[in-house]
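Enquirer: File work_7.txt below, compact mmCIF, C-alpha atoms and all ligand atoms:
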# COMPACT_ATOMS: atom_id res chain seq x y z
CA PRO A 1 8.15 -3.02 -14.60
CA LEU A 2 5.23 -0.67 -14.85
CA SER A 3 6.45 2.66 -13.59
CA LYS A 4 4.63 5.98 -13.36
CA ILE A 5 1.42 4.89 -14.98
CA GLN A 6 -1.43 7.17 -16.01
CA GLY A 7 -4.14 4.63 -15.36
CA ASP A 8 -5.88 4.06 -18.72
CA ILE A 9 -7.46 0.61 -18.62
CA HIS A 10 -8.90 -1.40 -21.48
CA PHE A 11 -10.70 -4.71 -21.54
CA ASN A 12 -10.58 -6.10 -25.03
CA ASN A 13 -12.93 -9.01 -25.66
CA VAL A 14 -12.10 -10.60 -22.31
CA VAL A 15 -13.35 -14.12 -21.78
CA PHE A 16 -12.80 -15.78 -18.45
CA GLU A 17 -13.93 -19.01 -16.84
CA TYR A 18 -13.36 -20.35 -13.34
CA GLU A 19 -14.43 -23.81 -14.50
CA LYS A 20 -13.88 -25.20 -17.95
CA GLY A 21 -16.81 -24.58 -20.24
CA ARG A 22 -18.60 -22.11 -17.92
CA ALA A 23 -17.68 -18.55 -18.87
CA ALA A 24 -18.02 -16.09 -15.97
CA LEU A 25 -17.18 -13.25 -18.40
CA LYS A 26 -18.23 -13.60 -22.01
CA GLY A 27 -16.34 -11.07 -24.08
CA ILE A 28 -16.06 -7.90 -22.02
CA ASN A 29 -15.05 -4.68 -23.80
CA LEU A 30 -14.44 -1.70 -21.58
CA ASP A 31 -12.62 1.53 -22.20
CA VAL A 32 -11.62 3.45 -19.08
CA LYS A 33 -9.66 6.69 -19.25
CA ALA A 34 -7.18 7.64 -16.57
CA GLY A 35 -8.94 9.27 -13.64
CA GLN A 36 -12.41 7.95 -14.46
CA SER A 37 -14.53 6.18 -11.88
CA ILE A 38 -16.51 3.16 -12.99
CA ALA A 39 -19.43 1.79 -11.00
CA LEU A 40 -20.05 -1.91 -11.57
CA VAL A 41 -23.62 -2.97 -10.91
CA GLY A 42 -25.66 -6.08 -11.60
CA HIS A 43 -27.32 -9.07 -9.97
CA THR A 44 -25.48 -11.51 -7.79
CA GLY A 45 -23.26 -13.74 -9.92
CA SER A 46 -23.23 -11.29 -12.85
CA GLY A 47 -19.41 -10.93 -12.77
CA LYS A 48 -18.66 -7.75 -10.78
CA SER A 49 -16.10 -9.28 -8.44
CA THR A 50 -14.62 -11.26 -11.30
CA ILE A 51 -13.86 -8.08 -13.24
CA ILE A 52 -12.08 -6.47 -10.30
CA ASN A 53 -10.14 -9.66 -9.61
CA LEU A 54 -8.87 -9.74 -13.17
CA ILE A 55 -7.45 -6.20 -13.01
CA GLY A 56 -5.08 -7.29 -10.23
CA ARG A 57 -4.38 -10.49 -12.23
CA PHE A 58 -5.59 -12.79 -9.51
CA TYR A 59 -6.65 -15.13 -12.32
CA ASP A 60 -5.51 -15.65 -15.90
CA ILE A 61 -8.00 -14.85 -18.61
CA LYS A 62 -8.95 -17.37 -21.27
CA SER A 63 -8.82 -15.00 -24.23
CA GLY A 64 -8.70 -11.30 -24.99
CA HIS A 65 -6.51 -8.64 -23.40
CA ILE A 66 -6.48 -6.37 -20.41
CA THR A 67 -4.15 -3.40 -20.78
CA ILE A 68 -2.98 -0.61 -18.50
CA ASP A 69 -1.64 2.39 -20.39
CA GLY A 70 -1.64 0.20 -23.48
CA ARG A 71 0.48 -2.56 -21.97
CA ASP A 72 -0.89 -6.05 -21.55
CA ILE A 73 -0.97 -6.79 -17.82
CA ARG A 74 0.51 -10.22 -18.55
CA GLU A 75 3.70 -8.51 -19.70
CA VAL A 76 4.44 -6.77 -16.41
CA THR A 77 5.53 -8.30 -13.14
CA LEU A 78 2.82 -9.01 -10.60
CA GLN A 79 4.66 -6.89 -8.07
CA SER A 80 4.81 -3.81 -10.27
CA LEU A 81 1.18 -4.30 -11.28
CA ARG A 82 -0.07 -4.58 -7.72
CA GLU A 83 2.02 -1.64 -6.54
CA GLN A 84 -0.21 0.52 -8.71
CA ILE A 85 -3.47 -0.90 -7.43
CA GLY A 86 -5.18 -0.21 -4.13
CA ILE A 87 -7.78 -2.79 -3.24
CA VAL A 88 -10.46 -2.14 -0.65
CA LEU A 89 -12.58 -5.23 -0.11
CA GLN A 90 -15.32 -5.65 2.47
CA ASP A 91 -13.63 -8.54 4.23
CA THR A 92 -10.35 -6.68 4.50
CA PHE A 93 -11.61 -3.39 5.91
CA ILE A 94 -10.02 -4.25 9.26
CA PHE A 95 -7.48 -6.72 10.58
CA SER A 96 -6.53 -7.39 14.19
CA GLY A 97 -4.15 -4.74 15.51
CA THR A 98 -4.23 -1.09 16.47
CA ILE A 99 -6.11 1.56 14.55
CA ARG A 100 -2.74 3.06 13.65
CA ASP A 101 -1.48 -0.26 12.22
CA ASN A 102 -4.69 -0.64 10.29
CA ILE A 103 -4.18 2.69 8.56
CA ARG A 104 -0.44 2.29 8.14
CA PHE A 105 -0.69 -1.22 6.63
CA GLY A 106 2.14 -1.80 4.17
CA ARG A 107 3.37 1.79 4.38
CA LEU A 108 5.87 1.12 7.09
CA THR A 109 7.60 4.46 6.73
CA ALA A 110 4.46 6.53 7.29
CA THR A 111 4.76 8.81 10.30
CA ASP A 112 2.11 9.24 12.99
CA GLU A 113 1.45 12.71 11.60
CA GLU A 114 0.79 11.30 8.12
CA ILE A 115 -1.57 8.73 9.61
CA GLU A 116 -3.51 11.41 11.47
CA GLU A 117 -3.60 13.54 8.36
CA VAL A 118 -5.34 10.88 6.25
CA ALA A 119 -7.67 9.99 9.14
CA LYS A 120 -8.68 13.64 9.35
CA ALA A 121 -9.10 13.85 5.59
CA VAL A 122 -11.68 11.03 5.62
CA ASP A 123 -13.29 12.39 8.79
CA ALA A 124 -12.33 9.39 10.94
CA HIS A 125 -10.15 11.31 13.40
CA ASP A 126 -13.00 12.34 15.72
CA PHE A 127 -14.37 8.85 16.27
CA ILE A 128 -10.85 7.47 16.66
CA MET A 129 -10.12 10.02 19.40
CA LYS A 130 -13.27 8.89 21.23
CA LEU A 131 -12.02 5.29 21.41
CA PRO A 132 -10.42 4.33 24.75
CA GLY A 133 -6.86 4.25 23.38
CA GLY A 134 -7.25 6.64 20.45
CA TYR A 135 -4.99 5.56 17.59
CA ASP A 136 -3.50 2.85 19.81
CA THR A 137 -6.84 1.13 20.40
CA GLU A 138 -6.70 -2.56 19.52
CA VAL A 139 -9.41 -3.72 17.16
CA GLU A 140 -10.38 -7.19 16.00
CA GLU A 141 -10.93 -8.35 12.44
CA ARG A 142 -14.45 -9.51 13.24
CA GLY A 143 -14.96 -7.50 16.42
CA SER A 144 -17.88 -5.20 16.92
CA ALA A 145 -16.11 -2.25 18.51
CA LEU A 146 -16.40 -0.42 15.18
CA SER A 147 -19.45 0.01 13.03
CA MET A 148 -19.38 -1.08 9.40
CA GLY A 149 -19.26 2.57 8.35
CA GLN A 150 -16.32 3.28 10.64
CA ARG A 151 -14.52 0.23 9.27
CA GLN A 152 -15.04 1.51 5.78
CA LEU A 153 -13.72 4.96 6.69
CA LEU A 154 -10.56 3.38 8.12
CA SER A 155 -10.04 1.40 4.95
CA PHE A 156 -10.40 4.66 2.99
CA ALA A 157 -7.74 6.29 5.19
CA ARG A 158 -5.45 3.34 4.46
CA ALA A 159 -6.05 3.65 0.71
CA LEU A 160 -5.46 7.41 0.80
CA LEU A 161 -2.14 6.87 2.55
CA ALA A 162 -1.10 4.22 0.02
CA ASP A 163 -2.02 6.62 -2.81
CA PRO A 164 -2.37 4.14 -5.72
CA ARG A 165 -3.12 5.21 -9.31
CA ILE A 166 -5.81 2.57 -9.62
CA LEU A 167 -8.36 1.95 -6.93
CA ILE A 168 -10.60 -1.06 -6.63
CA LEU A 169 -13.37 -0.87 -4.13
CA ASP A 170 -16.10 -3.19 -2.96
CA GLU A 171 -18.60 -1.01 -1.14
CA ALA A 172 -20.11 -2.08 2.15
CA THR A 173 -23.56 -3.56 1.75
CA ALA A 174 -24.51 -3.24 5.41
CA SER A 175 -26.89 -0.48 6.32
CA ILE A 176 -25.05 2.57 7.56
CA ASP A 177 -26.49 5.46 9.54
CA THR A 178 -27.13 8.68 7.66
CA GLU A 179 -24.38 10.67 9.34
CA THR A 180 -21.70 8.08 8.55
CA GLU A 181 -23.13 7.65 5.08
CA ILE A 182 -22.51 11.34 4.39
CA LYS A 183 -18.95 11.04 5.71
CA ILE A 184 -18.35 8.03 3.49
CA GLN A 185 -19.57 9.84 0.41
CA GLU A 186 -17.33 12.83 1.16
CA ALA A 187 -14.34 10.58 1.85
CA LEU A 188 -14.99 8.60 -1.31
CA LYS A 189 -15.05 11.76 -3.40
CA LEU A 190 -11.65 12.70 -2.02
CA LEU A 191 -10.26 9.21 -2.48
CA LEU A 192 -11.34 8.99 -6.12
CA GLN A 193 -9.70 12.26 -7.14
CA GLY A 194 -6.94 11.69 -9.66
CA ARG A 195 -7.27 7.90 -9.71
CA THR A 196 -8.83 5.40 -12.04
CA SER A 197 -11.35 3.48 -9.99
CA PHE A 198 -13.62 0.48 -10.21
CA ILE A 199 -16.32 0.32 -7.58
CA VAL A 200 -18.67 -2.55 -6.99
CA ALA A 201 -21.36 -0.09 -6.05
CA HIS A 202 -24.27 -0.78 -3.78
CA ARG A 203 -25.21 2.79 -2.96
CA LEU A 204 -27.25 5.00 -5.20
CA SER A 205 -25.18 8.04 -4.28
CA THR A 206 -22.01 6.26 -5.43
CA ILE A 207 -23.62 5.16 -8.66
CA ARG A 208 -24.81 8.70 -9.29
CA HIS A 209 -21.30 10.15 -8.94
CA ALA A 210 -19.53 7.61 -11.14
CA ASP A 211 -18.28 8.77 -14.55
CA LYS A 212 -19.54 5.56 -16.05
CA ILE A 213 -21.97 2.92 -14.87
CA VAL A 214 -21.49 -0.58 -16.22
CA VAL A 215 -24.45 -2.90 -15.83
CA LEU A 216 -23.43 -6.56 -15.89
CA ASP A 217 -25.73 -9.46 -16.58
CA HIS A 218 -24.62 -13.09 -16.73
CA GLY A 219 -21.03 -12.16 -17.57
CA GLU A 220 -21.88 -9.60 -20.22
CA ILE A 221 -22.20 -5.82 -20.29
CA LYS A 222 -25.87 -5.12 -20.67
CA GLU A 223 -25.75 -1.32 -20.47
CA GLU A 224 -23.12 1.35 -20.14
CA GLY A 225 -23.40 5.07 -19.57
CA ASN A 226 -23.59 7.75 -16.92
CA HIS A 227 -26.45 8.23 -14.50
CA ALA A 228 -28.22 10.70 -16.74
CA GLU A 229 -28.03 8.39 -19.75
CA LEU A 230 -29.25 5.21 -18.09
P1 LIG A 301 -22.16 -10.76 -5.99
O1 LIG A 301 -23.04 -9.57 -6.17
O2 LIG A 301 -22.91 -11.90 -5.37
O3 LIG A 301 -20.87 -10.49 -5.30
P2 LIG A 301 -20.73 -10.86 -8.54
O4 LIG A 301 -21.38 -10.01 -9.59
O5 LIG A 301 -19.56 -10.30 -7.84
O6 LIG A 301 -21.84 -11.32 -7.48
P3 LIG A 301 -18.94 -12.97 -9.36
O7 LIG A 301 -18.42 -13.33 -8.02
O8 LIG A 301 -18.05 -12.19 -10.25
O9 LIG A 301 -20.35 -12.24 -9.25
O10 LIG A 301 -19.34 -14.33 -10.06
C1 LIG A 301 -19.56 -14.48 -11.46
C2 LIG A 301 -19.81 -15.96 -11.75
O11 LIG A 301 -18.64 -16.72 -11.47
C3 LIG A 301 -20.90 -16.61 -10.92
O12 LIG A 301 -21.58 -17.53 -11.74
C4 LIG A 301 -20.17 -17.30 -9.81
O13 LIG A 301 -20.88 -18.42 -9.37
C5 LIG A 301 -18.89 -17.72 -10.48
N1 LIG A 301 -17.74 -17.74 -9.55
C6 LIG A 301 -17.31 -16.70 -8.80
N2 LIG A 301 -16.22 -17.04 -8.09
C7 LIG A 301 -15.96 -18.33 -8.39
C8 LIG A 301 -14.96 -19.27 -7.99
N3 LIG A 301 -14.00 -18.91 -7.14
N4 LIG A 301 -15.02 -20.52 -8.52
C9 LIG A 301 -15.98 -20.87 -9.39
N5 LIG A 301 -16.95 -20.04 -9.81
C10 LIG A 301 -16.95 -18.79 -9.33
MG MG A 302 -19.10 -9.97 -5.80
Could I get this structure in the form of C-alpha cells?
Expert:
Amino acid sequence: PLSKIQGDIHFNNVVFEYEKGRAALKGINLDVKAGQSIALVGHTGSGKSTIINLIGRFYDIKSGHITIDGRDIREVTLQSLREQIGIVLQDTFIFSGTIRDNIRFGRLTATDEEIEEVAKAVDAHDFIMKLPGGYDTEVEERGSALSMGQRQLLSFARALLADPRILILDEATASIDTETEIKIQEALKLLLQGRTSFIVAHRLSTIRHADKIVVLDHGEIKEEGNHAEL
C-alpha cells in the first residue's frame, strides 16, 4: 500500500503508446515536488490527457518509470494509488442525482454540515440555495439546469471534500461568465493548497498561477518553466 504520501512525482523517460509503433509520449521527464501545481498545455493530440491518465495508471507504460514519493506506481495496488488521487474531468463534473449526492460522491460518511462547508468554501452555496430544492435539487448529467461554471464549482467542492494529496484536473473549455470565472479561480487556489496537482489548463489565469508550465508537442516536452520564464 501507499500510505501517507507526500506527493512527489517523477516521470523518468516515460514512453507510452496506445497503438503499437505510434508513441503518444516519447520519453517524458518531469520532476514535480510535493505541493507544486503543474499546468499542462499544448495543441490537441499533444499528450496532455495521456499524461494525466498515466498518473492514475489507467494504462501501462511501454518503458521508463513513474514514481510517487520515489516508489514506482506499478509496485503499489491500484486501490491505494487511486485513493491518493482526486480526478476532476470535464465529463464527470456532474452525474444524475441531487446536488448533495454530487458533492458527497464516494465520501459516504460526510455529514450535511461538511457538505455545506465545502460548498461555501468554493462559493457554490449561494447558487445552490437559489435552486428550487437547494441541496436536494435533482440534477442531470447532461442537463442544462446548471451552467458549465457552476458544474465546475460543484466538482471542486467534491474534490475538496475528498481531500486527496494529488489532484488531476481537466479545466472546462466552455466560455464562462466573468463573475463565475472569478469564483472558479478563487476556488481553484483553495483547492490546490497543499496538494500536488496536474491541470490540463485552458485558462490564462490558471496557467499564470501554476508553479510550472509544461508545454507538450507531439508527445514531447517542448518547454518547461513558470509564467515569467516562458
Ligand atoms: P486534447 O487537447 O485534444 O484533449 P491531448 O493533448 O489531451 O489533446 P491526448 O488525448 O493525450 O492529447 O492524445 C495524444 C495522442 O494519443 C494523440 O495522437 C491521440 O490521437 C492519441 N490517443 C489518445 N487517446 C487514444 C486512444 N484511446 N486510443 C488511441 N490513440 C489515442
Ligand atoms: Mg485531452
Enquirer: Using all atoms listed in the file, determine which residues lie at most 10 Å from Tyr59 (chain A), disregarding the query and same-chain residues fewer than 2 positions distant; provide the list as a PyMOL selection string.
Expert: chain A and resi 16-18+50+53-57+61-62
Enquirer: So which one's closest to ligand LIG 301 (chain A), A:Lys189, A:Arg104, A:Lys26, A:Arg74? Using all atoms listed in the file, please.
Expert: A:Lys26
Enquirer: Using Å and a single decimal, report how far CA of Leu146 (chain A) sits from CA of Asp112 (chain A).
Expert: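 Between CA of Asp112 (chain A) and CA of Leu146 (chain A) the gap is 21.0 Å.
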Enquirer: Give me the residues near Glu116 (chain A) as a PyMOL selection string, where near means some atom within 10 Å (using all atoms listed in the file) and where sequence neighbours in that chain fewer than 2 positions away do not count.
Expert: chain A and resi 100+103+111-114+118-121+124-125+128+135+157
Enquirer: Using all atoms listed in the file, determine which residues fall within 8 Å of ligand MG 302 (chain A), then list them as an NGL selection string.
Expert: :A and (44-45 or 47-50 or 170 or 200)
Enquirer: Between CA of Gln6 (chain A) and CA of Ile38 (chain A), what is the distance, to one decimal in Å?
Expert: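 Between CA of Gln6 (chain A) and CA of Ile38 (chain A) the gap is 15.9 Å.
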Enquirer: Give me, as an NGL selection string, all polymer residues having an atom no more than 12 Å from Thr92 (chain A), counting only C-alpha atoms and skipping those fewer than 4 positions away in the same chain.
Expert: :A and (86-88 or 96 or 102-103 or 105 or 140-142 or 148 or 151-152 or 154-156 or 158-159 or 169-172)
Enquirer: Between CA of Ile168 (chain A) and atom O4 of ligand LIG 301 (chain A), measure the distance and give it in Å to one decimal.
Expert: 14.3 Å
Enquirer: Point out the residue among A:Leu190, A:Val214, A:Val139, A:Leu160 with the least atom-to-atom distance to Asp31 (chain A), counting only C-alpha atoms.
Expert: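 Ranked by minimum distance to Asp31 (chain A), first place goes to A:Val214.
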Enquirer: Report the centre and edge lengths, in Å to one decimal, of an axis-aligned box enclosing every atom of region 172-189 of chain A listed in the file, padded by 8 Å on each side, as AutoDock Vina command-line options.
Expert:
--center_x -20.7 --center_y 4.6 --center_z 3.1 --size_x 28.8 --size_y 32.4 --size_z 28.9
Enquirer: So, counting all atoms listed in the file, which residue among A:Leu30, A:Leu89, A:Ile207, A:Leu188 is closest to ligand LIG 301 (chain A)?
Expert: A:Leu89
Enquirer: Between A:Leu81, A:Val122, A:Ile213, A:Ile52, which has the minimum distance to ligand LIG 301 (chain A) (counting only C-alpha atoms and all ligand atoms)?
Expert: A:Ile52
Enquirer: Find the residues around Thr178 (chain A) up to 12 Å (all atoms listed in the file counted), leave out those fewer than 6 positions away in its own chain, and share them as a PyMOL selection string.
Expert: chain A and resi 149+184-185
Enquirer: Kindly indicate which residue among A:Gln79, A:Phe93, A:Glu117, A:Leu216 lies nearest to Leu2 (chain A), using only C-alpha atoms for the distances.
Expert: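 Closest to Leu2 (chain A), using only C-alpha atoms: A:Gln79.
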Enquirer: My list of candidates is A:Glu138, A:Glu75, A:Glu19, A:Glu83. Which is closest to Phe95 (chain A) when distances are computed with all atoms listed in the file?
Expert: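 Closest to Phe95 (chain A) of all the choices is A:Glu138.
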